[in-house]
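File shown here: my_file_10.cif, holding mmCIF, C-alpha atoms.
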data_coords
loop_
_atom_site.label_atom_id
_atom_site.label_comp_id
_atom_site.auth_asym_id
_atom_site.auth_seq_id
_atom_site.Cartn_x
_atom_site.Cartn_y
_atom_site.Cartn_z
CA MET A 9 35.05 7.15 -128.96
CA GLY A 10 37.88 6.25 -131.27
CA SER A 11 41.60 5.91 -130.62
CA SER A 12 42.22 9.53 -131.64
CA GLY A 13 39.75 10.74 -128.98
CA TRP A 14 41.46 8.77 -126.24
CA ARG A 15 44.81 10.17 -127.29
CA TRP A 16 43.45 13.69 -127.06
CA VAL A 17 42.01 13.08 -123.51
CA LEU A 18 45.30 11.56 -122.37
CA ARG A 19 47.26 14.58 -123.62
CA CYS A 20 44.93 16.96 -121.76
CA CYS A 21 45.36 15.02 -118.50
CA LEU A 22 49.13 15.12 -118.79
CA LEU A 23 49.10 18.87 -119.44
CA LEU A 24 46.85 19.49 -116.40
CA ALA A 25 49.08 17.37 -114.17
CA PHE A 26 52.17 19.18 -115.32
CA ALA A 27 50.56 22.59 -114.76
CA TRP A 28 49.38 21.61 -111.26
CA GLY A 29 52.90 20.49 -110.35
CA LEU A 30 54.31 23.84 -111.41
CA VAL A 31 51.76 25.66 -109.25
CA LEU A 32 52.61 23.58 -106.21
CA SER A 33 56.31 24.15 -106.72
CA HIS A 34 55.84 27.92 -106.24
CA VAL A 35 53.70 27.62 -103.04
CA PRO A 36 55.55 27.41 -99.69
CA ARG A 37 55.41 24.09 -97.99
CA ASP A 38 53.77 25.40 -94.86
CA GLN A 39 50.93 27.01 -96.85
CA GLN A 40 50.13 24.04 -99.07
CA GLU A 41 48.07 22.13 -96.54
CA PRO A 42 45.81 25.09 -95.47
CA GLN A 43 45.10 25.84 -99.12
CA GLU A 44 44.14 22.26 -99.73
CA LEU A 45 41.87 22.30 -96.67
CA GLN A 46 40.20 25.52 -97.66
CA GLY A 47 39.61 24.36 -101.19
CA THR A 48 37.74 21.15 -100.14
CA GLN A 49 35.22 20.64 -97.34
CA GLU A 50 35.83 16.92 -97.02
CA PRO A 51 39.34 15.50 -97.00
CA LEU A 52 40.10 13.09 -99.75
CA ALA A 53 41.11 9.63 -98.84
CA THR A 54 44.52 9.85 -100.40
CA PRO A 55 47.69 8.56 -98.86
CA ASP A 56 49.83 11.20 -97.17
CA TYR A 57 52.96 10.99 -99.25
CA SER A 58 54.52 13.98 -97.49
CA LYS A 59 54.43 12.23 -94.08
CA ARG A 60 55.90 9.13 -95.59
CA ALA A 61 58.63 11.18 -97.23
CA GLU A 62 59.42 12.92 -93.95
CA GLU A 63 59.58 9.63 -92.10
CA ASN A 64 61.87 8.18 -94.74
CA ASP A 65 64.05 11.30 -94.59
CA GLU A 66 64.28 11.06 -90.78
CA LYS A 67 65.29 7.44 -91.01
CA HIS A 68 67.82 8.18 -93.70
CA SER A 69 69.26 11.16 -91.82
CA SER A 70 69.44 9.22 -88.57
CA ARG A 71 71.48 6.60 -90.32
CA GLN A 72 73.88 8.83 -92.23
CA GLY A 73 73.73 12.11 -90.25
CA GLU A 74 72.87 14.23 -93.27
CA GLU A 75 70.15 16.80 -93.86
CA PRO A 76 66.84 15.19 -94.83
CA LEU A 77 66.20 17.32 -97.93
CA ALA A 78 69.70 17.66 -99.27
CA SER A 79 70.02 14.19 -100.82
CA ARG A 80 66.37 13.38 -101.45
CA CYS A 81 64.90 13.33 -105.00
CA TYR A 82 61.23 14.14 -105.53
CA ARG A 83 58.90 13.92 -108.45
CA CYS A 84 57.25 17.10 -109.56
CA CYS A 85 53.83 15.47 -109.35
CA ASP A 86 54.20 14.37 -105.70
CA PRO A 87 52.42 16.58 -103.12
CA GLY A 88 54.66 18.38 -100.73
CA THR A 89 57.53 18.69 -103.15
CA PRO A 90 60.22 21.02 -101.66
CA VAL A 91 60.75 24.38 -103.32
CA TYR A 92 64.29 25.00 -104.57
CA GLN A 93 65.52 28.49 -104.91
CA THR A 94 66.72 29.32 -108.41
CA ILE A 95 70.31 30.45 -108.54
CA PRO A 96 70.85 33.24 -111.10
CA ALA A 97 73.40 32.49 -113.81
CA PRO A 98 76.72 34.21 -113.24
CA GLN A 99 77.39 37.20 -115.49
CA ILE A 100 80.91 37.74 -116.74
CA ASN A 101 82.16 41.21 -117.58
CA ILE A 102 83.68 40.74 -121.05
CA THR A 103 85.63 44.00 -120.82
CA ILE A 104 87.65 42.59 -117.94
CA LEU A 105 88.67 39.55 -120.03
CA LYS A 106 89.75 41.61 -123.07
CA GLY A 107 93.47 41.20 -123.66
CA GLU A 108 96.05 43.55 -125.05
CA LYS A 109 96.34 44.24 -128.78
CA GLY A 110 98.48 41.67 -130.54
CA ASP A 111 101.30 42.19 -133.00
CA ARG A 112 100.58 42.81 -136.65
CA GLY A 113 100.52 39.65 -138.76
CA ASP A 114 102.53 38.91 -141.86
CA ARG A 115 101.42 40.41 -145.14
CA GLY A 116 99.33 38.10 -147.29
CA LEU A 117 99.87 37.11 -150.89
CA GLN A 118 99.08 39.65 -153.57
CA GLY A 119 95.71 39.15 -155.21
CA LYS A 120 94.93 39.02 -158.91
CA TYR A 121 95.03 42.20 -160.94
CA GLY A 122 91.66 43.72 -161.73
CA LYS A 123 90.40 44.72 -165.12
CA THR A 124 92.02 47.72 -166.76
CA GLY A 125 89.86 50.78 -166.40
CA SER A 126 89.00 53.21 -169.12
CA ALA A 127 91.45 55.99 -169.93
CA GLY A 128 90.77 59.18 -168.08
CA ALA A 129 90.47 62.66 -169.50
CA ARG A 130 93.63 64.41 -170.58
CA GLY A 131 95.09 66.62 -167.91
CA HIS A 132 96.01 70.26 -168.15
CA ALA A 133 99.22 71.24 -169.90
CA GLY A 134 102.08 71.74 -167.50
CA PRO A 135 104.22 74.83 -167.25
CA LYS A 136 106.89 75.41 -169.88
CA GLY A 137 110.25 74.05 -168.88
CA GLN A 138 113.53 75.88 -168.78
CA LYS A 139 115.67 76.26 -171.86
CA GLY A 140 118.20 73.47 -172.21
CA SER A 141 121.90 73.91 -172.46
CA MET A 142 123.61 74.23 -175.84
CA GLY A 143 124.75 70.97 -177.36
CA SER A 144 128.20 70.09 -178.52
CA PRO A 145 129.16 71.34 -182.01
CA GLY A 146 128.51 68.91 -184.83
CA ASP A 147 130.82 67.66 -187.53
CA ARG A 148 130.77 69.98 -190.58
CA CYS A 149 131.95 67.23 -192.86
CA LYS A 150 128.73 65.26 -192.49
CA ASN A 151 126.78 68.06 -194.16
CA HIS A 152 129.07 67.89 -197.21
CA TYR A 153 128.19 64.35 -198.28
CA ALA A 154 125.35 63.23 -200.55
CA ALA A 155 125.12 60.08 -202.66
CA PHE A 156 122.55 57.61 -203.95
CA SER A 157 122.27 54.64 -206.33
CA VAL A 158 118.94 52.95 -207.10
CA GLY A 159 117.58 50.41 -209.60
CA ARG A 160 114.39 49.08 -211.17
CA LYS A 161 113.45 45.42 -211.80
CA LYS A 162 110.20 45.99 -213.69
CA PRO A 163 109.84 47.03 -217.35
CA LEU A 164 108.00 50.22 -218.24
CA HIS A 165 105.91 51.14 -221.33
CA SER A 166 104.83 54.61 -222.36
CA ASN A 167 101.18 55.62 -222.49
CA ASP A 168 99.39 58.79 -223.55
CA TYR A 169 101.15 60.81 -220.82
CA TYR A 170 104.61 61.34 -219.34
CA GLN A 171 105.63 58.95 -216.62
CA THR A 172 108.04 59.36 -213.73
CA VAL A 173 110.39 56.39 -213.50
CA VAL A 174 110.01 54.99 -209.96
CA PHE A 175 112.72 52.68 -208.64
CA ASP A 176 112.21 49.62 -206.44
CA THR A 177 115.78 48.62 -205.52
CA GLU A 178 117.99 50.67 -203.19
CA PHE A 179 121.76 50.21 -203.36
CA VAL A 180 122.96 53.39 -201.63
CA ASN A 181 120.83 56.17 -200.16
CA LEU A 182 122.97 58.36 -197.91
CA TYR A 183 120.87 60.26 -195.37
CA SER A 184 117.75 59.22 -197.40
CA HIS A 185 118.08 62.16 -199.78
CA PHE A 186 116.52 60.03 -202.55
CA ASN A 187 112.79 59.39 -202.03
CA MET A 188 111.94 55.86 -203.18
CA PHE A 189 108.22 56.62 -203.21
CA THR A 190 108.35 59.62 -205.53
CA GLY A 191 111.44 58.53 -207.49
CA LYS A 192 113.15 61.91 -207.00
CA PHE A 193 116.45 63.09 -205.49
CA TYR A 194 116.10 66.14 -203.19
CA CYS A 195 119.07 68.44 -202.76
CA TYR A 196 119.84 69.29 -199.12
CA VAL A 197 123.51 70.24 -199.69
CA PRO A 198 123.97 72.84 -202.45
CA GLY A 199 126.85 72.21 -204.83
CA ILE A 200 127.95 70.40 -207.96
CA TYR A 201 126.56 66.86 -208.50
CA PHE A 202 127.28 64.09 -210.98
CA PHE A 203 124.36 61.93 -212.27
CA SER A 204 124.32 58.78 -214.40
CA LEU A 205 121.40 56.90 -215.99
CA ASN A 206 121.64 53.37 -217.48
CA VAL A 207 118.76 51.53 -219.21
CA HIS A 208 118.24 48.46 -221.36
CA THR A 209 116.34 49.02 -224.63
CA TRP A 210 113.54 46.80 -225.89
CA ASN A 211 113.85 45.29 -229.37
CA GLN A 212 111.44 46.65 -231.94
CA LYS A 213 110.62 49.51 -229.56
CA GLU A 214 111.88 53.05 -229.13
CA THR A 215 113.66 54.26 -225.96
CA TYR A 216 113.12 57.91 -225.04
CA LEU A 217 113.85 59.36 -221.56
CA HIS A 218 114.87 62.67 -219.96
CA ILE A 219 116.91 63.51 -216.85
CA MET A 220 114.95 66.36 -215.26
CA ARG A 221 115.87 69.15 -212.86
CA ASN A 222 112.66 70.32 -211.25
CA ALA A 223 110.36 70.74 -214.33
CA GLU A 224 113.18 71.37 -216.81
CA GLU A 225 114.56 68.80 -219.26
CA MET A 226 118.36 68.60 -218.80
CA VAL A 227 119.52 65.75 -221.09
CA ILE A 228 117.89 63.06 -223.22
CA LEU A 229 118.59 59.34 -223.45
CA TYR A 230 117.44 58.01 -226.81
CA ALA A 231 117.71 54.76 -228.79
CA GLN A 232 116.06 54.06 -232.14
CA VAL A 233 113.99 51.02 -232.92
CA SER A 234 116.24 48.01 -233.47
CA ASP A 235 115.97 44.27 -233.93
CA ARG A 236 118.14 43.72 -230.87
CA SER A 237 118.15 45.23 -227.39
CA ILE A 238 121.22 47.09 -226.09
CA MET A 239 122.42 48.88 -222.95
CA GLN A 240 122.16 52.66 -223.24
CA SER A 241 123.53 55.28 -220.79
CA GLN A 242 123.59 59.02 -220.18
CA SER A 243 125.47 61.14 -217.62
CA LEU A 244 125.93 64.79 -216.68
CA MET A 245 126.96 67.22 -213.94
CA LEU A 246 124.55 69.76 -212.47
CA GLU A 247 124.90 72.65 -210.05
CA LEU A 248 122.01 72.34 -207.60
CA GLN A 249 120.52 74.68 -205.08
CA GLU A 250 118.84 73.61 -201.89
CA GLN A 251 115.42 71.94 -202.46
CA ASP A 252 116.13 71.23 -206.14
CA GLU A 253 114.74 67.93 -207.50
CA VAL A 254 116.41 65.59 -209.99
CA TRP A 255 114.43 62.70 -211.53
CA VAL A 256 113.93 60.59 -214.68
CA ARG A 257 110.91 60.91 -216.98
CA LEU A 258 109.69 58.52 -219.70
CA PHE A 259 108.81 60.60 -222.75
CA LYS A 260 105.43 60.40 -224.49
CA GLY A 261 106.14 59.57 -228.16
CA GLU A 262 104.12 58.74 -231.21
CA ARG A 263 105.59 55.23 -231.34
CA ASP A 264 105.75 52.61 -228.58
CA ASN A 265 108.35 53.73 -226.03
CA ALA A 266 109.67 51.25 -223.44
CA ILE A 267 112.60 50.15 -221.26
CA PHE A 268 113.31 46.52 -220.43
CA SER A 269 114.00 44.76 -217.10
CA ASP A 270 112.98 41.57 -215.28
CA GLU A 271 112.59 40.20 -211.76
CA PHE A 272 115.91 38.35 -211.75
CA ASP A 273 118.34 41.04 -212.96
CA THR A 274 118.48 44.82 -212.64
CA TYR A 275 118.80 46.51 -216.04
CA ILE A 276 117.83 50.07 -215.05
CA THR A 277 119.99 52.14 -212.65
CA PHE A 278 120.11 55.79 -211.62
CA SER A 279 122.99 57.20 -209.52
CA GLY A 280 124.27 60.55 -208.28
CA TYR A 281 126.71 62.02 -205.78
CA LEU A 282 128.05 65.37 -204.56
CA VAL A 283 131.30 66.43 -206.19
CA LYS A 284 131.88 69.81 -204.53
CA PRO A 285 129.63 71.53 -201.98
CA ALA A 286 128.86 75.19 -202.53
CA ALA A 287 130.11 76.06 -199.04
CA GLU A 288 133.69 75.15 -199.92
CA PRO A 289 135.88 77.88 -201.57
#

Using structure tokens, write down the structure from this file.
Amino acid sequence: MGSSGWRWVLRCCLLLAFAWGLVLSHVPRDQQEPQELQGTQEPLATPDYSKRAEENDEKHSSRQGEEPLASRCYRCCDPGTPVYQTIPAPQINITILKGEKGDRGDRGLQGKYGKTGSAGARGHAGPKGQKGSMGSPGDRCKNHYAAFSVGRKKPLHSNDYYQTVVFDTEFVNLYSHFNMFTGKFYCYVPGIYFFSLNVHTWNQKETYLHIMRNAEEMVILYAQVSDRSIMQSQSLMLELQEQDEVWVRLFKGERDNAIFSDEFDTYITFSGYLVKPAAEP
């Protein structure tokens, strides 16, 4: 039998001895000896450890006056081991130990903001509010002013069609009555207006323009072909009604028609202002 077999036998013996000690610990002391006698016909020649323990306890108690089993330690494998009563563990009622509710703690730091959610559906329209109170009367004189003055820094050549002269420089544009995108002045205050147009001719080229009211030609600005360029101007007064338009048109001629300007100086200007509003007597 190898070493592993002996180890297995030794483990079995230890388990049997431990189990037998547990059995003896649950049997009363006064019943252990009859059970041992009934189980065997012939007594075994084993030393009576219980008698020796009792004699030692009597000697020890006679010396110190204490109970024989109170201060004696026994091994679980010894025969005649005293049986100790198990004391149940104390149970504590947790509800009795529960204290009163404490005060509320301080507020903690604010956490990070979460991600922005998607926009919700538009709500229902609310009820119509009450009519507001009447405002203070305005100043009549503000409605009786109108003036503009604009310029152009780029030259312009005629093509096979009429062209509206659009201006890129704004000097004065009171109440934005002149539209820089369309190149037209819109009348919002009826009355008598004065207009003035100034251009620079191009040498060896003809200059031919009209000051227009709506789709009607009012006056012409013309310069013949010349070896030198000159400043040319035209002015007039017009009686305008509300929503009338005044603008400058480059005429379509048989010969090359052009006006001169450059990026550094302004050679082309168009101005106008209200002389007398129609509301005044």

Grab the CA of Ala154 (chain A) to CA of Phe259 (chain A) distance for me, in Å with one decimal place. 27.8 Å

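Taking all atoms listed in the file into account, Asn222 (chain A) lies nearest to A:Gln251 out of the set A:Gln251, A:Gln242, A:Asn265, A:Ser204.
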
Might you pull out every residue within 7 Å of Phe202 (chain A), with all atoms listed in the file counted and same-chain residues fewer than 2 positions away left off, and present them as number ranges by chain? A: 204, 244-246, 280-283

Of the residues A:Ser166, A:Thr277, A:Asn187, A:Thr209, which is the one nearest to Asp264 (chain A), using all atoms listed in the file? A:Ser166

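Evaluated against this file, the PyMOL selection byres ((chain A and resi 226-239) around 8) yields Asn206, Val207, His208, Thr209, Trp210, Asn211, Gln212, Lys213, Glu214, Thr215, Tyr216, Leu217, His218, Ile219, Met220, Arg221, Glu224, Glu225, Gln240, Ser241, Gln242 and Leu244 of chain A.
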
Spell out the residues picked by the PyMOL selection byres ((chain A and resi 193) around 12) here, as a ChimeraX atom specification. /A:154-158,174-175,181-192,194-197,201,203,219-222,248,250-256,278-282
